[in-house]
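**Student:** Pasting in a structure now, in structure tokens, and then I'll have a few things to ask.
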Amino acid sequence: MKAVLFDLDGTLLPMDQDQFTGAYFKGIAAHLAPYGYDPKQLIDGIWTGTMAMIKNPGEQTNEAVFWQTFASIFGEHVREDEPRFAEFYRTGFQKVREICGFDTRAAEIIRWLKARGVRVALATNPIFPSIATESRIRWAGLEPEDFELYTTYENINSCKPNPAYYREILARMGLKAEDCVMVGNDVGDDMVAKDLGMQVFLLTDCLINRKNDDISVYPQGGFDELRAFLAEQIG
């Protein structure tokens, strides 16, 4: 094993995904309302842009896909509001931290791996700008610099569960799938890495299994079980 890829939301950063999404949308709607955005239309527009990123065929960054989609709904003038979105992530978004959990073992396991020469990347679904992703990394007790690579909507051209997302990471890091372990809490988004030849570990503390798949086929458990699993892979 040469590298471990970690999901963020619900994995390194404990959370209830629905509560997080609700708090996020409430915050961004309140922040942008004074600039003429109807809250429901704004949220619907962000969802539409997000789905466009998830379906990104790979010719443009997720950032470009999002803003093209968003502008097609609200008009090209919305691009002038990008700084207002960024201001939300610097300010109101930070309050969302209150609904997230915290587990010291998340940072401990990253440092434990790096001390043993294992490369570490953050394979979080790149639907957020870097400013939001870097904030969530810090909420988990880590720093962006702890990762060799962390994916954001600016720096990659695909999303989970598209296998192309994982291929992009492998290509950028010069790795083969069989050299890696993918760790995540979302069966649909994270365990798909197994289809490429990666080993996987399903962190079940904040499990997401939308299709009620049989998860008995995956190594799984909490952080203690994860560390034991990785110790076996390191040898």
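Identifiers in the structure tokens: chain A, B, ... in order shown; residue index from 1 per chain; ligand index from 1 in order shown.
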When you look at Gly221 of chain A with a cut-off of 6 Å (counting only C-alpha atoms), what residues show up, excluding the ones that are within fewer than 3 positions of it in the same chain? I need them as a list in words.
**Tutor:**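 Neighbouring residues, sequence-local ones excluded: Leu203, Thr204 and Glu225 of chain A.
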**Student:** Enumerate, in order of chain and increasing residue number, the residues of segment 142-161 of chain A with an atom no farther than 12 Å from segment 171-178 of chain A, each with its shortest atom pair and distance in Å to one decimal, counting only C-alpha atoms, as a tab-separated table.
**Tutor:**
```
residue	atom	partner	partner_atom	distance
A:Phe147	CA	A:Met173	CA	11.6
A:Glu148	CA	A:Met173	CA	8.4
A:Leu149	CA	A:Met173	CA	8.1
A:Tyr150	CA	A:Arg172	CA	11.1
A:Thr151	CA	A:Arg172	CA	11.0
A:Asn155	CA	A:Arg172	CA	10.9
A:Ile156	CA	A:Arg172	CA	10.1
```
**Student:** If DSSP is run on the backbone, what residues of segment 34-221 of chain A are strand (DSSP E or B)? A reply as a list in words would be ideal.
**Tutor:**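 Checking each residue of segment 34-221 of chain A, the strand (DSSP E or B) ones are Arg119, Val120, Ala121, Leu122, Leu149, Tyr150, Cys180, Val181, Met182, Val183, Gly184, Asp186, Gln199, Val200, Phe201, Leu202, Leu203, Ile208, Gln220 and Gly221 of chain A.
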**Student:** Please measure the separation of atom CA of Ala29 of chain A and atom CA of Asn56 of chain A, giving the value in Å to one decimal.
**Tutor:**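 Atom CA of Asn56 of chain A lies at a distance of 25.0 Å from atom CA of Ala29 of chain A.
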**Student:** Taking only C-alpha atoms into account, which of A:Gly101, A:Pro163, A:Pro129, A:Gly235 comes nearest Pro14 of chain A?
**Tutor:** A:Gly101
**Student:** At a cut-off of 10 Å, using only C-alpha atoms, what residues contact segment 114-127 of chain A? Leave out same-chain residues fewer than 3 positions from it and give the result as a PyMOL selection string.
**Tutor:** chain A and resi 1-9+11-12+49-54+61-63+66+109-111+130+132-133+137+144+146-161+165-166+169+173+180-184+189-190+234
**Student:** Please indicate the distance in Å from atom CA of Glu143 of chain A to atom CA of Asp224 of chain A, rounded to one decimal place.
**Tutor:**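 Computing the Euclidean distance for atom CA of Glu143 of chain A and atom CA of Asp224 of chain A yields 21.8 Å.
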**Student:** Using only C-alpha atoms, determine which residues lie at most 12 Å from Phe25 of chain A, disregarding the query and same-chain residues fewer than 5 positions distant; provide the list as a ChimeraX atom specification.
**Tutor:** /A:18-20,30-33,39-47,88-89,92-93,95-96
**Student:** If you keep N, CA and C atoms, can you produce a file of those selected residues as an mmCIF file, in the first residue's frame?
**Tutor:**
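After the write, again.cif holds the following:
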```
data_model
loop_
_atom_site.group_PDB
_atom_site.id
_atom_site.type_symbol
_atom_site.label_atom_id
_atom_site.label_comp_id
_atom_site.auth_asym_id
_atom_site.auth_seq_id
_atom_site.Cartn_x
_atom_site.Cartn_y
_atom_site.Cartn_z
ATOM 1 N N ASP A 18 -27.840 15.294 6.068
ATOM 2 C CA ASP A 18 -29.055 16.093 5.872
ATOM 3 C C ASP A 18 -29.016 17.365 6.723
ATOM 4 N N GLN A 19 -28.546 17.256 7.960
ATOM 5 C CA GLN A 19 -28.430 18.440 8.812
ATOM 6 C C GLN A 19 -27.422 19.423 8.239
ATOM 7 N N PHE A 20 -26.308 18.894 7.744
ATOM 8 C CA PHE A 20 -25.284 19.757 7.144
ATOM 9 C C PHE A 20 -25.855 20.501 5.942
ATOM 10 N N ALA A 30 -29.650 33.119 3.393
ATOM 11 C CA ALA A 30 -29.727 34.339 4.200
ATOM 12 C C ALA A 30 -28.658 35.338 3.781
ATOM 13 N N HIS A 31 -27.474 34.837 3.441
ATOM 14 C CA HIS A 31 -26.372 35.722 3.065
ATOM 15 C C HIS A 31 -26.649 36.442 1.746
ATOM 16 N N LEU A 32 -27.284 35.732 0.802
ATOM 17 C CA LEU A 32 -27.458 36.294 -0.535
ATOM 18 C C LEU A 32 -28.816 36.968 -0.759
ATOM 19 N N ALA A 33 -29.729 36.818 0.188
ATOM 20 C CA ALA A 33 -31.049 37.444 0.048
ATOM 21 C C ALA A 33 -30.970 38.956 -0.158
ATOM 22 N N PRO A 39 -34.756 32.903 -1.855
ATOM 23 C CA PRO A 39 -34.138 31.732 -1.221
ATOM 24 C C PRO A 39 -34.444 30.415 -1.936
ATOM 25 N N LYS A 40 -35.707 30.182 -2.283
ATOM 26 C CA LYS A 40 -36.041 28.904 -2.932
ATOM 27 C C LYS A 40 -35.403 28.795 -4.306
ATOM 28 N N GLN A 41 -35.449 29.870 -5.079
ATOM 29 C CA GLN A 41 -34.846 29.840 -6.407
ATOM 30 C C GLN A 41 -33.335 29.656 -6.309
ATOM 31 N N LEU A 42 -32.727 30.282 -5.308
ATOM 32 C CA LEU A 42 -31.282 30.144 -5.125
ATOM 33 C C LEU A 42 -30.921 28.693 -4.818
ATOM 34 N N ILE A 43 -31.637 28.103 -3.865
ATOM 35 C CA ILE A 43 -31.332 26.727 -3.472
ATOM 36 C C ILE A 43 -31.564 25.778 -4.644
ATOM 37 N N ASP A 44 -32.654 25.975 -5.359
ATOM 38 C CA ASP A 44 -32.913 25.139 -6.538
ATOM 39 C C ASP A 44 -31.791 25.301 -7.565
ATOM 40 N N GLY A 45 -31.316 26.529 -7.727
ATOM 41 C CA GLY A 45 -30.246 26.785 -8.690
ATOM 42 C C GLY A 45 -28.940 26.131 -8.281
ATOM 43 N N ILE A 46 -28.640 26.165 -6.987
ATOM 44 C CA ILE A 46 -27.417 25.518 -6.505
ATOM 45 C C ILE A 46 -27.519 24.005 -6.693
ATOM 46 N N TRP A 47 -28.693 23.445 -6.408
ATOM 47 C CA TRP A 47 -28.884 22.004 -6.624
ATOM 48 C C TRP A 47 -28.697 21.648 -8.093
ATOM 49 N N PHE A 88 -19.497 34.488 1.808
ATOM 50 C CA PHE A 88 -20.294 33.592 2.652
ATOM 51 C C PHE A 88 -19.429 32.481 3.228
ATOM 52 N N TYR A 89 -18.567 31.898 2.400
ATOM 53 C CA TYR A 89 -17.738 30.795 2.895
ATOM 54 C C TYR A 89 -16.749 31.266 3.959
ATOM 55 N N GLY A 92 -20.479 33.276 7.107
ATOM 56 C CA GLY A 92 -21.634 32.499 7.551
ATOM 57 C C GLY A 92 -21.438 31.001 7.501
ATOM 58 N N PHE A 93 -20.684 30.516 6.535
ATOM 59 C CA PHE A 93 -20.453 29.072 6.415
ATOM 60 C C PHE A 93 -19.773 28.518 7.662
ATOM 61 N N LYS A 95 -20.427 28.970 10.625
ATOM 62 C CA LYS A 95 -21.396 28.590 11.659
ATOM 63 C C LYS A 95 -21.882 27.151 11.475
ATOM 64 N N VAL A 96 -21.752 26.628 10.260
ATOM 65 C CA VAL A 96 -22.191 25.256 9.990
ATOM 66 C C VAL A 96 -21.360 24.260 10.790
#
```
**Student:** Counting only C-alpha atoms, which of A:Gln199, A:Ala193, A:Val187, A:Arg167 gets nearest to Asp214 of chain A?
**Tutor:**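 When distances to Asp214 of chain A are compared using only C-alpha atoms, the smallest one comes from A:Val187.
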**Student:** Extract the full set of alpha helix (DSSP H) residues from segment 90-131 of chain A according to DSSP on the backbone, and format it as a PyMOL selection string.
**Tutor:** chain A and resi 90+104-115+130-131
**Student:** Please list as a list in words every residue within 10 Å of Leu142 of chain A, counting only C-alpha atoms and excluding residues in the same chain fewer than 6 positions away.
**Tutor:**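 Surrounding residues, per the criterion: Leu12, Leu13, Thr104, Ala106, Ala107, Glu108, Ile110, Arg111, Glu134, Ser135 and Arg136 of chain A.
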**Student:** Could you dump the residues just selected with C-alpha atoms as a PDB file, in the first residue's frame?
**Tutor:**
```
ATOM      1  CA  LEU A  12     -12.833  12.474   8.712  1.00  0.00           C
ATOM      2  CA  LEU A  13     -15.475  15.047   9.656  1.00  0.00           C
ATOM      3  CA  THR A 104      -9.473  13.280  17.371  1.00  0.00           C
ATOM      4  CA  ALA A 106      -9.264  11.437  12.329  1.00  0.00           C
ATOM      5  CA  ALA A 107      -6.151  13.598  12.582  1.00  0.00           C
ATOM      6  CA  GLU A 108      -4.277  10.930  14.502  1.00  0.00           C
ATOM      7  CA  ILE A 110      -3.494  10.796   9.077  1.00  0.00           C
ATOM      8  CA  ARG A 111      -0.344  11.589  11.037  1.00  0.00           C
ATOM      9  CA  GLU A 134     -10.184  23.998   3.478  1.00  0.00           C
ATOM     10  CA  SER A 135     -12.537  25.154   6.228  1.00  0.00           C
ATOM     11  CA  ARG A 136     -14.014  21.679   6.617  1.00  0.00           C
TER      12      ARG A 136
END
```
**Student:** Can you measure atom CA of Asp179 of chain A to atom CA of Val192 of chain A for me? One decimal in Å is fine.
**Tutor:** 15.8 Å
**Student:** Looking at A:Phe128, A:Tyr37, A:Trp112, A:Trp139, which one is nearest to Arg227 of chain A, with distances taken over only C-alpha atoms?
**Tutor:**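 The shortest atom-to-atom distance to Arg227 of chain A comes from A:Trp112.
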**Student:** Looking at only C-alpha atoms, which of A:Ile28, A:Glu145, A:Leu113, A:Ser216 is the one that sits closest to Ala228 of chain A?
**Tutor:**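 Smallest separation from Ala228 of chain A among the options: A:Leu113.
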